[in-house]
Amino acid sequence: MYFLSESIKAAFTSLTKHKLRAILTTLGIIIGIATIITIVSLIEGLNKTVKDQFSQLGTSVLYISKYPWVSHGRWYEYRKRKPITTDELEAIESRCPTAAYVVPIADIYTDVKYEEKKSEAVQVTGTNALYPFIQGVNLENGRFLTDFEYKHRQRVAILGWEVYNILFEEGDDPLDKWIMIANKKVKVIGVMEKRGSFFGESQDNQILVPFTTLEKYYGKRLYMTIMVMPESPDKLEILRDELIIALRQVRQVPSWEENDFSINGQEALLDEYNKTTKVLYAAMIAISALALLVGGIGIMNIMLISVSERTKEIGIRKAIGARKTHILMQFLIEALILCWVGGVIGAAVGFGLAGFVSLVTPVPSAVSVKAAIMGFIFSSSVAIFFGIFPAGKAARLNPIDALRYE
Amino acid sequence: MIKLEKVDKIYKVGAEDVHALRRFDFTIDKGEYIAIMGPSGSGKSTLLNILGLLDVPTNGVYLFNNEDVTVMSDARLAEFRNKRVGFIFQTFNLLPRTNALHNVELPLIYGKKSPAARKGIALEALEAVGLGDRWKHKPNELSGGQRQRVAIARAIVNEPEIILADEPTGNLDSKTGAEIMDIIDNIHRKGNTIILVTHEDYIADHADRIIHLLDGQIESDKRRE
């Protein structure tokens with residue numbers, strides 16, 4: 001195997017003699033690998049964030065709403081559905097034994113004031129006392145809603161971290177202070193810890209109030225979703241069946257009709273997301289395959305030129321005892337090094353591009369080992385696939401013809 | 001040591017067959033110093049290439065130490081070229097972008113010598129041709145005579161049984177040529193078999209046996225007493 005280092009040396013001698021030619025040759029490889037690395041980095045980055053966010057939804061929570069989360073262009077049918085109301089909520093509470101937590105949510109967006117201070121377009125969410133069990137909310141201060149406050153439409157509110165910081169000075173005690181939500185006086189009973197954002201939307205610019213209180217003022221305009229969680233995750237499918245029975249009964253759906261409501265879960269979203277990234281991957285494979293094909297032909301072309309330029313050298317090497325495999329390996333290694341150089345430059349460009357995209361857009365990126373390995377495998381395969389013909393041609397040269405070549 | 005029996009070498013030039021060697025019989029004993037002469041196209045170079053295993057006969061038998069060369073695999077031929085034969089060319093045929101030492105090391109690399117052993121052996125060969133201090137130089141930094149010495153060092157580095165020289169002084173002035181012939185004479189004196197192709201009588205006079213070729217056959221075969 002001592003000749004391997006000789007092959008590498010010979011390859012470098014040849015490549016450094018024609019630096020510009022080598023770089024131009026690898027352009028196709030650079031573009032191909034850069035495409036792979038950019039797209040894989042972005043998708044990996046996206047995957048990571050999306051999966052984090054989805055897990056916030058809770059793996060074992062079902063969301064009942066009028067519209068499905070993932071639809072396939074049947075909005076005209078969904079529009080005709082009756083809205084989800086507290087009737088459905090009560091039906092689930094009374095008829096679904098597996099439902100451990102049943103929580104309504106509905107949002108409005110409005111301005112909130114305290115004395116001279118104002119926070120604009122705050123998400124005001126109506127819910128009930130069980131909300132923290134599903135959403136995992138912790139309080140920094142005060143207490144959560146009670147059943148009493150829910151039943152009696154009390155004007156009480158729990159402030160999000162951001163809202164609190166806008167309306168109150170640091171160190172101010174907000175408890176029992178009256179704030180104005182859309183011109184209605186509401187008493188602050190608690191402040192939530194910082195929650196971060198969910199799909200780019202801040203969860204701290206939020207106020208929680210009893211759903212019934214919100215309903216009193218907004219009534220039919222509210223779009224209600226009911227979150228239901230079973231006592232344990234493995235009962236999710238039993239819960240789904242119970243929900244369907246209870247909801248069809250209370251909404252009086254005839255047996256020949258489809259459900260006129262949607263039961264959503266994170267897996268439906270995840271499916272949809274995976275479908276989308278699959279399309280992206282397919283596009284990546286098509287673009288990079290094309291670039292690598294063009295690049296590979298470039299490699300083959302330049303290797304053929306290299307072989308013919310160095311016919312005499314091949315003759316000399318054969319005359320002093322180089323075997324076919326020695327010559328074959330020498331030129332294959334040259335093609336490999338050429339492709340690896342292209343691969344490394346392509347990877348640098350790709351990671352740079354992915355970083356740039358995530359800098360100027362909200363799309364995250366991750367420098368992934370997967371992308372790097374894919375780049376390495378692709379550039380090596382191109383080198384071997386397109387380098388084997390020129391290298392074989394060199395190896396098969398007759399020593400005497402090669403030596404005579406001028 | 002070497003025996004050719006009824007060897008033909010036929011080249012196709014266009015539609016025509018050219019007989020470079022015809023029913024050629026030839027024997028070489030160990031330690032001989034042979035000069036091959038003859039006009040252009042008489043088959044000198046073809047004979048040398050066949051002897052050096054760079055080319056194979058069209059017909060006939062070539063025995064190298066009683067082994068039939070004509071049935072050898074490509075890899076075995078390469079091994080023979082590497083270990084048994086040393087070639088010296090008129091145009092030196094050094095690798096241009098590598099230094100003298102590396103040029104001399106090449107046969108050792110293909111002969112699977114370890115890197116540690118290689119340098120010493122190659123330097124020794126360079127010293128034997130009087131270039132021990134020039135090992136770092138690339139061919140374009142050396143004179144013609146020095147280049148030919150590097151080529152000789154490369155030819156002898158694997159201690160082959162036979163040295164083949166194709167007009168080794170053809171590209172050199174007479175003084176340098178004489179120095180090169182001294183080195184080749186020395187190699188012969190150490191017991192090596194040498195076969196030399198030349199046009200010049202004064203070069204051929206170094207040999208003990210002079211063969212004249214004409215039209216691919218031996219015209220005369222004289223031994224010096």
# chains A, B, ... in the order shown; residues from 1 in each chain; ligands from 1
>>> residues_around(residues="Glu161 (chain B)", least_positions_apart="3", cutoff="10 Å", atoms="only C-alpha atoms", output="list of chain:residue names")
B:Met1, B:Lys30, B:Gly31, B:Lys83, B:Arg84, B:Val85, B:Gly86, B:Ile156, B:Asn158, B:Gly191, B:Asn192, B:Thr193, B:Ile194
>>> write_last_selection(atoms="N, CA and C atoms", output="CSV table (one decimal), in the first residue's frame")
chain,number,residue,atom,x,y,z
B,1,MET,N,20.7,-17.0,-19.8
B,1,MET,CA,19.8,-16.3,-19.0
B,1,MET,C,18.5,-15.9,-19.8
B,30,LYS,N,24.4,-14.7,-18.7
B,30,LYS,CA,24.6,-13.8,-17.6
B,30,LYS,C,26.0,-13.1,-17.7
B,31,GLY,N,26.0,-11.8,-17.4
B,31,GLY,CA,27.3,-11.1,-17.3
B,31,GLY,C,27.8,-10.6,-18.7
B,83,LYS,N,11.7,-5.5,-11.0
B,83,LYS,CA,12.7,-6.1,-10.2
B,83,LYS,C,13.9,-6.7,-11.0
B,84,ARG,N,13.6,-7.1,-12.2
B,84,ARG,CA,14.6,-7.9,-13.0
B,84,ARG,C,15.3,-7.0,-14.0
B,85,VAL,N,14.6,-5.9,-14.5
B,85,VAL,CA,15.1,-5.2,-15.6
B,85,VAL,C,15.3,-3.7,-15.2
B,86,GLY,N,16.4,-3.1,-15.7
B,86,GLY,CA,16.6,-1.7,-15.5
B,86,GLY,C,16.7,-1.0,-16.9
B,156,ILE,N,19.3,1.1,-11.7
B,156,ILE,CA,20.0,0.1,-10.9
B,156,ILE,C,19.5,-0.1,-9.4
B,158,ASN,N,16.9,-1.1,-8.0
B,158,ASN,CA,16.3,-2.4,-7.5
B,158,ASN,C,17.2,-3.6,-7.8
B,191,GLY,N,29.3,-7.1,-12.5
B,191,GLY,CA,28.7,-8.4,-12.8
B,191,GLY,C,27.3,-8.4,-13.4
B,192,ASN,N,26.9,-7.2,-13.8
B,192,ASN,CA,25.5,-7.0,-14.4
B,192,ASN,C,25.6,-7.3,-15.9
B,193,THR,N,24.5,-7.8,-16.4
B,193,THR,CA,24.3,-8.1,-17.8
B,193,THR,C,23.8,-6.7,-18.5
B,194,ILE,N,24.5,-6.3,-19.6
B,194,ILE,CA,24.1,-5.1,-20.2
B,194,ILE,C,23.9,-5.2,-21.7
>>> interface_residues(of="chain A", to="chain B", cutoff="7 Å", atoms="only C-alpha atoms", output="ChimeraX atom specification")
/A:2-3,313,316,319-323,399-400
>>> closest_residue(among="A:Thr110, A:Lys151, A:Lys184, A:Ile30", to="Trp340 (chain A)", atoms="only C-alpha atoms")
A:Ile30
>>> residues_around(residues="Pro39 (chain B)", least_positions_apart="4", cutoff="9 Å", atoms="only C-alpha atoms", output="PyMOL selection string")
chain B and resi 43-44+199+212-215
>>> residues_around(residues="Ala122 (chain B)", least_positions_apart="6", cutoff="8 Å", atoms="only C-alpha atoms", output="list in words")
Leu101, Val104, Glu105, Ala153, Arg154 and Val157 of chain B
>>> write_last_selection(atoms="N, CA, C and O atoms", output="PDB file, in the first residue's frame")
ATOM      1  N   LEU B 101      15.836  12.393  -6.054  1.00  0.00           N
ATOM      2  CA  LEU B 101      15.665  11.306  -5.084  1.00  0.00           C
ATOM      3  C   LEU B 101      14.350  10.570  -5.329  1.00  0.00           C
ATOM      4  O   LEU B 101      14.307   9.340  -5.374  1.00  0.00           O
ATOM      5  N   VAL B 104      14.354   8.327  -8.281  1.00  0.00           N
ATOM      6  CA  VAL B 104      15.080   7.074  -8.036  1.00  0.00           C
ATOM      7  C   VAL B 104      14.275   6.159  -7.105  1.00  0.00           C
ATOM      8  O   VAL B 104      14.354   4.934  -7.186  1.00  0.00           O
ATOM      9  N   GLU B 105      13.473   6.785  -6.235  1.00  0.00           N
ATOM     10  CA  GLU B 105      12.674   5.996  -5.291  1.00  0.00           C
ATOM     11  C   GLU B 105      11.513   5.256  -5.967  1.00  0.00           C
ATOM     12  O   GLU B 105      11.025   4.246  -5.446  1.00  0.00           O
ATOM     13  N   ALA B 153      20.750   5.698 -11.989  1.00  0.00           N
ATOM     14  CA  ALA B 153      20.517   5.359 -10.580  1.00  0.00           C
ATOM     15  C   ALA B 153      19.155   4.689 -10.427  1.00  0.00           C
ATOM     16  O   ALA B 153      19.007   3.701  -9.696  1.00  0.00           O
ATOM     17  N   ARG B 154      18.140   5.228 -11.152  1.00  0.00           N
ATOM     18  CA  ARG B 154      16.809   4.646 -11.094  1.00  0.00           C
ATOM     19  C   ARG B 154      16.813   3.227 -11.665  1.00  0.00           C
ATOM     20  O   ARG B 154      16.121   2.334 -11.150  1.00  0.00           O
ATOM     21  N   VAL B 157      18.559   0.808  -9.038  1.00  0.00           N
ATOM     22  CA  VAL B 157      18.215   0.885  -7.612  1.00  0.00           C
ATOM     23  C   VAL B 157      17.605  -0.416  -7.099  1.00  0.00           C
ATOM     24  O   VAL B 157      17.768  -0.765  -5.933  1.00  0.00           O
TER      25      VAL B 157
END
>>> residues_around(residues="region 259-263 of chain A", least_positions_apart="6", cutoff="8 Å", atoms="only C-alpha atoms", output="number ranges by chain")
A: 62-68, 78, 81-82, 84, 240, 244, 248, 253
>>> select_by_dssp(residues="region 13-248 of chain A", states="strand (DSSP E or B)", output="PyMOL selection string")
chain A and resi 62-65+99-114+117-127+139-142+156-159+178-181+184-192+197-198+201-202+206-210+225-230
>>> select_by_dssp(residues="region 251-331 of chain A", states="alpha helix (DSSP H)", output="number ranges by chain")
A: 266-309, 311-319, 324-331
